[in-house]
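> File entry.txt follows (compact mmCIF, C-alpha atoms):
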```
# COMPACT_ATOMS: atom_id res chain seq x y z
CA MET W 1 94.81 -289.54 -44.19
CA PRO W 2 94.85 -293.18 -43.10
CA ALA W 3 94.66 -293.93 -39.38
CA THR W 4 97.70 -295.07 -37.46
CA ILE W 5 97.50 -297.98 -35.03
CA GLU W 6 100.28 -298.07 -32.46
CA PHE W 7 100.89 -301.60 -31.29
CA PHE W 8 102.60 -301.80 -27.88
CA TYR W 9 103.80 -305.32 -27.30
CA ASP W 10 106.30 -307.60 -25.59
CA TYR W 11 107.52 -310.85 -27.14
CA GLY W 12 106.84 -312.56 -23.83
CA SER W 13 103.06 -312.22 -24.20
CA PRO W 14 101.27 -315.00 -26.11
CA TYR W 15 98.35 -312.60 -26.52
CA ALA W 16 100.67 -310.10 -28.22
CA TYR W 17 101.70 -312.94 -30.52
CA ILE W 18 98.06 -313.58 -31.43
CA ALA W 19 97.56 -309.85 -32.01
CA ASP W 20 100.65 -309.66 -34.19
CA TRP W 21 99.25 -312.48 -36.28
CA LEU W 22 95.97 -310.59 -36.71
CA LEU W 23 97.50 -307.20 -37.54
CA PRO W 24 98.02 -307.74 -41.30
CA GLY W 25 94.31 -308.45 -41.72
CA LEU W 26 93.41 -305.42 -39.63
CA ARG W 27 95.72 -303.25 -41.73
CA GLU W 28 94.24 -304.58 -44.93
CA ARG W 29 90.64 -304.02 -43.87
CA THR W 30 91.17 -300.56 -42.35
CA GLY W 31 93.96 -299.18 -44.51
CA ALA W 32 95.64 -298.13 -41.26
CA GLU W 33 99.36 -297.83 -40.81
CA ILE W 34 100.72 -300.10 -38.06
CA ARG W 35 103.50 -298.78 -35.82
CA HIS W 36 105.21 -301.46 -33.76
CA ARG W 37 106.09 -300.13 -30.32
CA PRO W 38 108.30 -302.50 -28.33
CA MET W 39 107.90 -302.05 -24.58
CA LEU W 40 108.80 -304.00 -21.46
CA LEU W 41 105.66 -305.61 -20.12
CA GLY W 42 107.23 -306.32 -16.74
CA GLY W 43 108.08 -302.62 -16.44
CA LEU W 44 104.56 -301.62 -17.41
CA PHE W 45 103.10 -303.98 -14.80
CA LYS W 46 105.37 -302.44 -12.19
CA ALA W 47 104.48 -298.89 -13.21
CA THR W 48 100.73 -299.49 -13.15
CA GLY W 49 100.30 -301.96 -10.29
CA ASN W 50 99.05 -304.59 -12.71
CA ALA W 51 100.35 -308.16 -12.83
CA SER W 52 100.68 -310.98 -15.32
CA PRO W 53 97.57 -313.14 -15.83
CA ILE W 54 99.70 -316.09 -14.67
CA THR W 55 99.75 -314.57 -11.17
CA GLU W 56 95.94 -314.33 -11.11
CA SER W 57 94.91 -315.29 -7.58
CA CYS W 58 91.47 -316.66 -8.53
CA ALA W 59 92.31 -320.27 -9.47
CA PRO W 60 89.35 -320.98 -11.79
CA LYS W 61 89.99 -317.69 -13.60
CA ARG W 62 93.62 -318.67 -14.10
CA ALA W 63 92.49 -322.06 -15.42
CA TYR W 64 90.06 -320.32 -17.78
CA PHE W 65 92.81 -318.09 -19.19
CA SER W 66 94.94 -321.10 -19.97
CA LYS W 67 92.12 -323.01 -21.71
CA THR W 68 90.99 -320.00 -23.64
CA LEU W 69 94.44 -319.17 -24.95
CA GLN W 70 94.36 -322.59 -26.64
CA ARG W 71 90.91 -321.84 -27.98
CA TRP W 72 91.83 -318.47 -29.50
CA VAL W 73 94.82 -320.05 -31.17
CA ALA W 74 92.56 -322.70 -32.71
CA PHE W 75 89.92 -320.07 -33.52
CA HIS W 76 92.36 -318.02 -35.56
CA GLY W 77 94.25 -321.02 -36.94
CA LEU W 78 97.66 -319.91 -35.70
CA PRO W 79 100.69 -322.09 -35.34
CA PHE W 80 101.28 -322.06 -31.58
CA ARG W 81 102.97 -323.99 -28.83
CA MET W 82 103.08 -322.87 -25.23
CA ASN W 83 106.71 -322.01 -24.55
CA PRO W 84 108.04 -324.53 -22.01
CA SER W 85 110.34 -321.85 -20.56
CA PHE W 86 107.49 -319.32 -20.06
CA PRO W 87 107.68 -316.80 -18.44
CA ILE W 88 110.90 -315.56 -20.02
CA ASN W 89 112.74 -312.36 -19.12
CA THR W 90 112.40 -310.38 -22.33
CA ILE W 91 114.41 -307.25 -21.58
CA THR W 92 117.17 -308.14 -24.05
CA LEU W 93 114.64 -309.14 -26.71
CA MET W 94 112.79 -305.86 -26.32
CA ARG W 95 115.99 -303.77 -26.35
CA MET W 96 117.05 -305.61 -29.49
CA ALA W 97 113.68 -304.74 -31.03
CA VAL W 98 114.35 -301.05 -30.38
CA ALA W 99 117.81 -301.43 -31.91
CA ALA W 100 116.42 -303.42 -34.86
CA GLN W 101 113.99 -300.59 -35.63
CA ARG W 102 116.79 -298.03 -35.49
CA ASP W 103 119.12 -300.16 -37.58
CA GLY W 104 116.63 -301.20 -40.24
CA VAL W 105 116.44 -304.95 -39.54
CA PHE W 106 113.13 -305.02 -37.67
CA ALA W 107 111.23 -306.66 -40.54
CA THR W 108 113.48 -309.70 -40.17
CA TYR W 109 113.99 -309.57 -36.41
CA HIS W 110 110.36 -309.23 -35.35
CA PRO W 111 108.78 -312.33 -36.94
CA ALA W 112 111.84 -314.45 -36.15
CA VAL W 113 111.56 -313.69 -32.44
CA PHE W 114 107.80 -314.20 -32.20
CA LYS W 115 108.13 -317.51 -34.07
CA ALA W 116 110.97 -318.76 -31.86
CA MET W 117 108.96 -317.83 -28.76
CA TRP W 118 105.50 -319.08 -29.66
CA VAL W 119 105.94 -321.66 -32.41
CA ASP W 120 109.31 -323.27 -31.82
CA GLY W 121 109.30 -323.08 -28.01
CA VAL W 122 112.86 -321.75 -27.79
CA ASP W 123 114.15 -320.50 -24.43
CA MET W 124 114.81 -316.98 -25.69
CA GLY W 125 116.10 -315.91 -22.29
CA ASP W 126 119.18 -318.05 -22.96
CA PRO W 127 121.76 -315.88 -24.82
CA ALA W 128 123.10 -318.86 -26.78
CA GLU W 129 119.63 -319.90 -27.97
CA LEU W 130 118.82 -316.31 -28.84
CA ALA W 131 122.01 -315.94 -30.87
CA ARG W 132 121.24 -319.19 -32.68
CA VAL W 133 117.76 -317.98 -33.64
CA LEU W 134 119.02 -314.61 -34.84
CA THR W 135 121.81 -316.14 -36.89
CA ALA W 136 119.43 -318.64 -38.47
CA ALA W 137 117.25 -315.70 -39.50
CA GLY W 138 120.23 -314.12 -41.27
CA LEU W 139 120.78 -311.45 -38.62
CA ASP W 140 124.06 -310.34 -37.03
CA ALA W 141 123.56 -311.71 -33.52
CA ALA W 142 126.70 -310.12 -32.11
CA ALA W 143 125.79 -306.69 -33.47
CA LEU W 144 122.28 -306.94 -31.99
CA ALA W 145 123.67 -308.06 -28.63
CA ALA W 146 126.04 -305.08 -28.62
CA ALA W 147 123.26 -302.69 -29.63
CA ALA W 148 121.04 -304.00 -26.83
CA GLY W 149 123.70 -302.81 -24.40
CA GLU W 150 123.84 -299.24 -25.72
CA GLU W 151 122.53 -296.53 -23.43
CA GLU W 152 120.48 -295.01 -26.25
CA VAL W 153 118.70 -298.29 -26.90
CA LYS W 154 118.10 -299.02 -23.23
CA ALA W 155 116.73 -295.51 -22.74
CA GLY W 156 114.54 -295.94 -25.83
CA LEU W 157 112.85 -299.02 -24.40
CA LYS W 158 112.42 -297.38 -21.02
CA ALA W 159 110.88 -294.30 -22.62
CA ALA W 160 108.43 -296.38 -24.68
CA THR W 161 107.35 -298.31 -21.58
CA GLU W 162 106.86 -295.09 -19.62
CA GLU W 163 104.95 -293.58 -22.51
CA ALA W 164 102.64 -296.60 -22.60
CA ALA W 165 101.94 -296.25 -18.88
CA ARG W 166 101.38 -292.50 -19.19
CA ARG W 167 98.87 -293.04 -21.99
CA GLY W 168 96.83 -295.52 -19.96
CA ALA W 169 98.26 -298.92 -20.91
CA PHE W 170 98.48 -301.62 -18.26
CA GLY W 171 99.00 -304.82 -20.26
CA ALA W 172 99.86 -306.29 -23.64
CA PRO W 173 98.94 -306.09 -26.38
CA THR W 174 97.83 -302.47 -26.18
CA PHE W 175 96.81 -300.43 -29.19
CA PHE W 176 96.38 -296.70 -29.59
CA VAL W 177 94.46 -294.96 -32.32
CA GLY W 178 95.35 -291.36 -31.48
CA ASP W 179 94.54 -291.05 -27.78
CA GLU W 180 92.12 -293.97 -27.75
CA ILE W 181 93.34 -297.10 -26.05
CA PHE W 182 92.39 -300.67 -26.90
CA TRP W 183 93.63 -303.69 -24.97
CA GLY W 184 93.80 -307.31 -25.98
CA HIS W 185 93.70 -309.28 -29.21
CA ASP W 186 90.06 -310.04 -28.45
CA HIS W 187 89.19 -306.34 -28.66
CA MET W 188 90.74 -305.75 -32.07
CA GLY W 189 87.27 -305.80 -33.63
CA LEU W 190 86.60 -302.58 -31.70
CA ILE W 191 89.60 -300.92 -33.35
CA GLU W 192 88.30 -301.88 -36.74
CA ALA W 193 84.83 -300.56 -35.94
CA ARG W 194 86.32 -297.34 -34.55
CA ILE W 195 88.43 -296.65 -37.64
CA ALA W 196 85.44 -297.42 -39.85
CA GLY W 197 83.47 -294.78 -37.90
CA ARG W 198 81.02 -297.30 -36.45
CA LEU W 199 81.99 -296.42 -32.86
CA PRO W 200 82.05 -293.04 -31.17
CA ALA W 201 85.33 -291.75 -29.75
CA VAL W 202 85.93 -292.89 -26.16
CA ALA W 203 89.25 -291.36 -25.12
CA MET L 1 70.69 -333.53 -31.09
CA PRO L 2 71.14 -329.77 -30.86
CA ALA L 3 73.68 -328.45 -28.35
CA THR L 4 72.55 -326.84 -25.12
CA ILE L 5 74.11 -323.60 -23.92
CA GLU L 6 73.67 -322.93 -20.21
CA PHE L 7 73.78 -319.22 -19.50
CA PHE L 8 74.69 -318.39 -15.91
CA TYR L 9 73.95 -314.76 -15.24
CA ASP L 10 73.04 -312.08 -12.71
CA TYR L 11 70.90 -309.05 -13.59
CA GLY L 12 73.49 -306.88 -11.86
CA SER L 13 76.11 -307.49 -14.52
CA PRO L 14 76.05 -305.18 -17.56
CA TYR L 15 78.14 -307.78 -19.38
CA ALA L 16 75.44 -310.37 -18.72
CA TYR L 17 72.98 -307.88 -20.22
CA ILE L 18 75.09 -307.61 -23.37
CA ALA L 19 75.32 -311.41 -23.53
CA ASP L 20 71.58 -311.75 -23.09
CA TRP L 21 71.10 -309.39 -26.02
CA LEU L 22 73.42 -311.52 -28.17
CA LEU L 23 71.91 -314.89 -27.25
CA PRO L 24 69.05 -314.96 -29.77
CA GLY L 25 71.54 -314.53 -32.63
CA LEU L 26 73.75 -317.23 -31.18
CA ARG L 27 70.76 -319.56 -30.88
CA GLU L 28 69.73 -318.86 -34.43
CA ARG L 29 73.18 -319.44 -35.90
CA THR L 30 73.97 -322.59 -33.88
CA GLY L 31 70.55 -324.14 -33.44
CA ALA L 32 71.46 -324.56 -29.77
CA GLU L 33 68.94 -324.56 -26.96
CA ILE L 34 69.57 -321.80 -24.40
CA ARG L 35 69.02 -322.58 -20.73
CA HIS L 36 68.90 -319.51 -18.50
CA ARG L 37 70.57 -320.23 -15.17
CA PRO L 38 70.04 -317.42 -12.64
CA MET L 39 72.82 -317.29 -10.03
CA LEU L 40 74.05 -314.81 -7.45
CA LEU L 41 77.20 -313.20 -8.78
CA GLY L 42 78.19 -311.87 -5.35
CA GLY L 43 77.95 -315.40 -3.98
CA LEU L 44 80.04 -316.76 -6.84
CA PHE L 45 82.70 -314.10 -6.23
CA LYS L 46 82.80 -315.08 -2.57
CA ALA L 47 83.01 -318.80 -3.35
CA THR L 48 85.86 -318.41 -5.83
CA GLY L 49 87.89 -315.55 -4.39
CA ASN L 50 87.10 -313.42 -7.43
CA ALA L 51 85.83 -309.85 -7.24
CA SER L 52 83.78 -307.43 -9.31
CA PRO L 53 85.65 -305.56 -12.05
CA ILE L 54 84.63 -302.34 -10.29
CA THR L 55 86.97 -303.27 -7.43
CA GLU L 56 89.91 -303.75 -9.83
CA SER L 57 92.93 -302.29 -8.04
CA CYS L 58 94.81 -301.30 -11.20
CA ALA L 59 93.36 -297.85 -11.93
CA PRO L 60 94.04 -297.71 -15.69
CA LYS L 61 92.57 -301.19 -16.08
CA ARG L 62 89.46 -300.07 -14.24
CA ALA L 63 89.24 -297.03 -16.51
CA TYR L 64 89.63 -299.26 -19.55
CA PHE L 65 86.78 -301.52 -18.45
CA SER L 66 84.48 -298.56 -18.12
CA LYS L 67 85.36 -297.12 -21.54
CA THR L 68 85.14 -300.46 -23.23
CA LEU L 69 81.73 -301.28 -21.82
CA GLN L 70 80.49 -298.18 -23.67
CA ARG L 71 82.25 -299.35 -26.81
CA TRP L 72 80.77 -302.85 -26.80
CA VAL L 73 77.33 -301.38 -26.33
CA ALA L 74 77.87 -299.15 -29.37
CA PHE L 75 79.50 -302.02 -31.28
CA HIS L 76 76.44 -304.23 -30.87
CA GLY L 77 73.94 -301.39 -31.14
CA LEU L 78 72.24 -302.08 -27.81
CA PRO L 79 70.03 -299.69 -25.92
CA PHE L 80 72.06 -299.08 -22.74
CA ARG L 81 72.45 -296.65 -19.91
CA MET L 82 74.79 -297.17 -16.98
CA ASN L 83 72.53 -297.69 -13.98
CA PRO L 84 73.02 -294.72 -11.63
CA SER L 85 72.38 -297.00 -8.63
CA PHE L 86 75.01 -299.55 -9.71
CA PRO L 87 76.08 -301.78 -7.98
CA ILE L 88 72.69 -303.06 -6.86
CA ASN L 89 72.09 -305.98 -4.48
CA THR L 90 70.39 -308.46 -6.77
CA ILE L 91 69.54 -311.30 -4.41
CA THR L 92 65.79 -310.65 -4.57
CA LEU L 93 65.90 -310.25 -8.34
CA MET L 94 67.75 -313.53 -8.74
CA ARG L 95 65.45 -315.39 -6.35
CA MET L 96 62.49 -314.03 -8.27
CA ALA L 97 64.09 -315.34 -11.48
CA VAL L 98 64.23 -318.83 -9.97
CA ALA L 99 60.60 -318.50 -8.91
CA ALA L 100 59.59 -317.10 -12.30
CA GLN L 101 61.11 -320.14 -14.01
CA ARG L 102 59.25 -322.47 -11.67
CA ASP L 103 55.99 -320.58 -12.03
CA GLY L 104 56.09 -320.13 -15.80
CA VAL L 105 56.45 -316.35 -15.99
CA PHE L 106 60.15 -316.17 -16.77
CA ALA L 107 59.62 -315.12 -20.40
CA THR L 108 57.97 -311.94 -19.15
CA TYR L 109 60.03 -311.43 -16.02
CA HIS L 110 63.50 -311.79 -17.55
CA PRO L 111 63.46 -309.11 -20.26
CA ALA L 112 61.54 -306.70 -18.00
CA VAL L 113 64.23 -306.87 -15.32
CA PHE L 114 67.18 -306.56 -17.68
CA LYS L 115 65.52 -303.58 -19.39
CA ALA L 116 64.74 -301.83 -16.10
CA MET L 117 68.34 -302.35 -14.95
CA TRP L 118 70.28 -301.47 -18.08
CA VAL L 119 68.01 -299.34 -20.24
CA ASP L 120 65.73 -297.47 -17.86
CA GLY L 121 68.24 -297.05 -15.02
CA VAL L 122 65.77 -298.11 -12.33
CA ASP L 123 67.06 -298.72 -8.80
CA MET L 124 65.96 -302.34 -8.73
CA GLY L 125 67.28 -302.78 -5.21
CA ASP L 126 64.37 -300.60 -4.04
CA PRO L 127 61.34 -302.89 -3.41
CA ALA L 128 58.86 -300.19 -4.44
CA GLU L 129 60.65 -299.55 -7.74
CA LEU L 130 60.93 -303.27 -8.36
CA ALA L 131 57.21 -303.79 -7.70
CA ARG L 132 56.40 -300.92 -10.06
CA VAL L 133 58.48 -302.48 -12.87
CA LEU L 134 56.95 -305.93 -12.38
CA THR L 135 53.40 -304.58 -12.32
CA ALA L 136 54.03 -302.51 -15.45
CA ALA L 137 55.19 -305.71 -17.17
CA GLY L 138 51.90 -307.37 -16.28
CA LEU L 139 53.36 -309.55 -13.51
CA ASP L 140 51.99 -310.19 -10.04
CA ALA L 141 54.57 -308.29 -7.97
CA ALA L 142 53.22 -309.45 -4.62
CA ALA L 143 53.23 -313.10 -5.69
CA LEU L 144 56.83 -312.84 -6.91
CA ALA L 145 57.89 -311.11 -3.69
CA ALA L 146 56.29 -313.89 -1.68
CA ALA L 147 57.88 -316.58 -3.85
CA ALA L 148 61.31 -314.97 -3.44
CA GLY L 149 60.96 -315.58 0.30
CA GLU L 150 60.20 -319.30 -0.02
CA GLU L 151 62.85 -321.70 1.26
CA GLU L 152 62.67 -323.76 -1.93
CA VAL L 153 63.37 -320.73 -4.10
CA LYS L 154 66.18 -319.46 -1.89
CA ALA L 155 67.75 -322.93 -1.87
CA GLY L 156 67.37 -323.14 -5.65
CA LEU L 157 69.39 -319.96 -6.18
CA LYS L 158 72.01 -321.06 -3.70
CA ALA L 159 72.32 -324.45 -5.41
CA ALA L 160 72.70 -322.86 -8.86
CA THR L 161 75.42 -320.53 -7.58
CA GLU L 162 77.27 -323.41 -5.93
CA GLU L 163 76.91 -325.48 -9.07
CA ALA L 164 78.42 -322.65 -11.13
CA ALA L 165 81.40 -322.45 -8.77
CA ARG L 166 81.85 -326.24 -8.76
CA ARG L 167 81.90 -326.30 -12.57
CA GLY L 168 84.60 -323.64 -12.80
CA ALA L 169 82.70 -320.37 -13.11
CA PHE L 170 84.09 -317.25 -11.42
CA GLY L 171 82.18 -314.39 -13.08
CA ALA L 172 79.25 -313.45 -15.27
CA PRO L 173 78.18 -314.14 -17.86
CA THR L 174 79.38 -317.75 -17.86
CA PHE L 175 78.30 -320.30 -20.43
CA PHE L 176 78.60 -324.05 -20.41
CA VAL L 177 78.36 -326.31 -23.40
CA GLY L 178 78.46 -329.66 -21.64
CA ASP L 179 81.51 -329.44 -19.38
CA GLU L 180 83.16 -326.71 -21.39
CA ILE L 181 83.17 -323.26 -19.83
CA PHE L 182 83.12 -319.93 -21.66
CA TRP L 183 83.25 -316.60 -19.90
CA GLY L 184 82.27 -313.17 -21.14
CA HIS L 185 80.11 -311.76 -23.88
CA ASP L 186 83.31 -311.09 -25.82
CA HIS L 187 84.05 -314.82 -25.96
CA MET L 188 80.68 -315.85 -27.37
CA GLY L 189 82.29 -316.26 -30.79
CA LEU L 190 84.25 -319.16 -29.30
CA ILE L 191 81.00 -320.89 -28.30
CA GLU L 192 79.72 -320.56 -31.82
CA ALA L 193 82.95 -321.95 -33.27
CA ARG L 194 82.92 -324.79 -30.76
CA ILE L 195 79.36 -325.86 -31.56
CA ALA L 196 80.13 -325.64 -35.26
CA GLY L 197 83.05 -328.02 -34.70
CA ARG L 198 85.70 -325.47 -35.62
CA LEU L 199 87.36 -325.69 -32.18
CA PRO L 200 88.61 -328.76 -30.35
CA ALA L 201 87.13 -329.61 -26.95
CA VAL L 202 88.95 -327.88 -24.09
CA ALA L 203 87.23 -329.05 -20.93
```
What does the file become when written as structure tokens?


Amino acid sequence: MPATIEFFYDYGSPYAYIADWLLPGLRERTGAEIRHRPMLLGGLFKATGNASPITESCAPKRAYFSKTLQRWVAFHGLPFRMNPSFPINTITLMRMAVAAQRDGVFATYHPAVFKAMWVDGVDMGDPAELARVLTAAGLDAAALAAAAGEEEVKAGLKAATEEAARRGAFGAPTFFVGDEIFWGHDHMGLIEARIAGRLPAVA
Amino acid sequence: MPATIEFFYDYGSPYAYIADWLLPGLRERTGAEIRHRPMLLGGLFKATGNASPITESCAPKRAYFSKTLQRWVAFHGLPFRMNPSFPINTITLMRMAVAAQRDGVFATYHPAVFKAMWVDGVDMGDPAELARVLTAAGLDAAALAAAAGEEEVKAGLKAATEEAARRGAFGAPTFFVGDEIFWGHDHMGLIEARIAGRLPAVA
């Protein structure tokens, strides 16, 4: 049976964007199934006492993060532009992702949102800009906006975020292979080695 | 002219140990010259307002660090054992490294200390244990102990630590290629790409 990699992410994280870009290669090389698990990173930070790297209090560390994000993007050859509106409140985007999974439009929704955020620099916290992006992608923006307001969808996102915290996540992107947690696009090589049996289990 | 990689490290950091293990391969693949730059990690933390990962206040993040250290060790196939006396005050070890460079015994001193710390689990903060390790490596333990007390040597370590802080370092291992800073054994691939010209300069 092929392994399953659960990918907990938030569209607001540029590191999750890098990870998302790398996932097809990981899937190809491991034969694993990828399960996209939208969560609310702000909620996870709150639940775990963690904070965004942009609030890092050590100034040279914060400077390093910013430089190195640019380097990883160049390293992997991704299209990328730092979003001028960063950080963006992503709760609607993440609720829409839950709805899009339920309603069968995730395969269109997901890449459109990541691209708008991290390639086109759109202010996705602005409802009008968001609607424009969704419409341009061929999605029903009004239907997604309505779905994002449904109790079931809101509860779904909350449950996923709580599940991530319960399983040991504290940031994004976070991956699970069974009970084993992996954090960060720069640790995806460990996932590959683990699935290939070159690493022992560390749960 | 081949590139020079400055490697700022402290024997107390298991990540610096991993980096040290990976340096020969990096040197071989890039043709770069490696310059070992002993510094006092505790002093760097103090100078920059950073802190050891073991003091990380987010409990799941701390747990992740610990798990993932084991994974990287397995990933790279290193001999490794978490030092039961960790964290160890390394000021004498680092001063001895400065003296060993000056006195031409660094090539023996350096691997012996890293091995005692991270393979043999020796309490290297204990002067008797330290002397035993140095003697077993064929070094003059008394001469190194005396050198570690010299003002010149003490000032040399202090200057290197201050230089690291001034150039943007905040942890270990830290690498410089010219003015460009790289942090962490897990970012050594970026150094390689940079020297090979596959990354733009990000100073």

> Using all atoms listed in the file, can you tell me which of W:Ala143, W:Val202, W:Ala172, W:Ala131 comes closest to chain L?

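With all atoms listed in the file as the atom set, the closest residue is W:Val202.
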
> With distances taken over all atoms listed in the file, which residue among W:Leu23, W:Met94, W:Ala74, W:Ala16 lies nearest chain L?

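Closest candidate: W:Ala74.
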
> For chain W against chain L, which residues fall within 6 Å using all atoms listed in the file, given as a PyMOL selection string?

chain W and resi 49-50+58+60+168

> Please indicate the distance in Å from atom CA of Lys115 of chain W to atom CA of Leu134 of chain W, rounded to one decimal place.

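Computing the Euclidean distance for atom CA of Lys115 of chain W and atom CA of Leu134 of chain W yields 11.3 Å.
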
> Would you mind reading off the distance between atom CA of Asp123 of chain L and atom CA of Gly42 of chain L, one decimal, in Å?

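Separating atom CA of Asp123 of chain L from atom CA of Gly42 of chain L is a distance of 17.6 Å.
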
> Take atom CA of Ala99 of chain W and atom CA of Phe175 of chain W and report the distance between them in Å, one decimal.

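So the two atoms, atom CA of Ala99 of chain W and atom CA of Phe175 of chain W, lie 21.2 Å apart.
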
> Can you pull out every residue within 8 Å of segment 105-107 of chain W, counting only C-alpha atoms, but drop anything in the same chain fewer than 5 positions away, and send it as a ChimeraX atom specification?

/W:97,100,139

> Report, as JSON, the axis-aligned box around all atoms of segment 140-147 of chain W present in the file, extended by 5 Å on each side; give centre and edge lengths in Å to one decimal place.


```
{"center_x": 124.5, "center_y": -307.2, "center_z": -32.8, "size_x": 14.4, "size_y": 19.0, "size_z": 18.4}
```

> Just checking: using all atoms listed in the file, which residue out of W:Ile18, W:Ala160, W:Leu26, W:Met39 ends up closest to Trp118 of chain W?

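Checking each of W:Ile18, W:Ala160, W:Leu26, W:Met39 against Trp118 of chain W, counting all atoms listed in the file, the winner is W:Ile18.
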
> With distances taken over all atoms listed in the file, which of L:Arg81, L:Arg95, L:Arg27, L:Arg35 is nearest to Ala145 of chain L?

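Selected residue with least distance to Ala145 of chain L: L:Arg95.
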
> Using all atoms listed in the file, determine which residues lie at most 7 Å from His185 of chain L, disregarding the query and same-chain residues fewer than 3 positions distant; provide the list as a list in words.

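Surrounding residues, per the criterion: Tyr15, Ile18, Ala19, Pro173 and Met188 of chain L.
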
> Nearest to Glu192 of chain L among L:Ser85, L:Thr108, L:Thr92, L:Thr30, with distances taken over all atoms listed in the file: which residue is it?

L:Thr30

> Give the answer as one residue: which of W:Ala147, W:Phe176, W:Thr135, W:Lys158 has the shortest atom-to-atom distance to Ile34 of chain W, using all atoms listed in the file?

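Of the candidates, the smallest distance to Ile34 of chain W is held by W:Phe176.
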
> Would you list the residues near (119.7, -320.4, -34.1) (no more than 12 Å away, in the coordinates of the file, using all atoms listed in the file) as an MDAnalysis selection string?

chainID W and resid 112:113 115:116 120 122:124 126:141

> Can you fill out segment 134-146 of chain W with N, CA, C and O atoms and hand it back as a tab-separated table (two decimals), in the coordinates of the input?


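Now in result_28.tsv:
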```
chain	number	residue	atom	x	y	z
W	134	LEU	N	118.75	-315.81	-34.04
W	134	LEU	CA	119.02	-314.61	-34.84
W	134	LEU	C	119.90	-314.94	-36.05
W	134	LEU	O	119.65	-314.49	-37.17
W	135	THR	N	120.90	-315.75	-35.82
W	135	THR	CA	121.81	-316.14	-36.89
W	135	THR	C	121.06	-316.92	-37.97
W	135	THR	O	121.22	-316.67	-39.17
W	136	ALA	N	120.21	-317.84	-37.52
W	136	ALA	CA	119.43	-318.64	-38.47
W	136	ALA	C	118.52	-317.77	-39.32
W	136	ALA	O	118.19	-318.10	-40.46
W	137	ALA	N	118.11	-316.61	-38.76
W	137	ALA	CA	117.25	-315.70	-39.50
W	137	ALA	C	118.06	-314.79	-40.43
W	137	ALA	O	117.48	-313.95	-41.14
W	138	GLY	N	119.37	-314.94	-40.40
W	138	GLY	CA	120.23	-314.12	-41.27
W	138	GLY	C	120.62	-312.79	-40.63
W	138	GLY	O	121.06	-311.87	-41.33
W	139	LEU	N	120.44	-312.68	-39.32
W	139	LEU	CA	120.78	-311.45	-38.62
W	139	LEU	C	122.18	-311.55	-38.00
W	139	LEU	O	122.70	-312.64	-37.80
W	140	ASP	N	122.75	-310.39	-37.68
W	140	ASP	CA	124.06	-310.34	-37.03
W	140	ASP	C	123.83	-310.35	-35.52
W	140	ASP	O	123.58	-309.30	-34.91
W	141	ALA	N	123.89	-311.54	-34.94
W	141	ALA	CA	123.56	-311.71	-33.52
W	141	ALA	C	124.48	-310.90	-32.62
W	141	ALA	O	124.02	-310.30	-31.64
W	142	ALA	N	125.74	-310.86	-32.94
W	142	ALA	CA	126.70	-310.12	-32.11
W	142	ALA	C	126.41	-308.62	-32.15
W	142	ALA	O	126.46	-307.93	-31.12
W	143	ALA	N	126.09	-308.13	-33.33
W	143	ALA	CA	125.79	-306.69	-33.47
W	143	ALA	C	124.52	-306.34	-32.69
W	143	ALA	O	124.47	-305.29	-32.02
W	144	LEU	N	123.52	-307.20	-32.74
W	144	LEU	CA	122.28	-306.94	-31.99
W	144	LEU	C	122.53	-307.00	-30.48
W	144	LEU	O	121.99	-306.18	-29.72
W	145	ALA	N	123.34	-307.95	-30.06
W	145	ALA	CA	123.67	-308.06	-28.63
W	145	ALA	C	124.40	-306.80	-28.17
W	145	ALA	O	124.11	-306.26	-27.08
W	146	ALA	N	125.30	-306.30	-28.98
W	146	ALA	CA	126.04	-305.08	-28.62
W	146	ALA	C	125.08	-303.89	-28.58
W	146	ALA	O	125.11	-303.09	-27.64
```
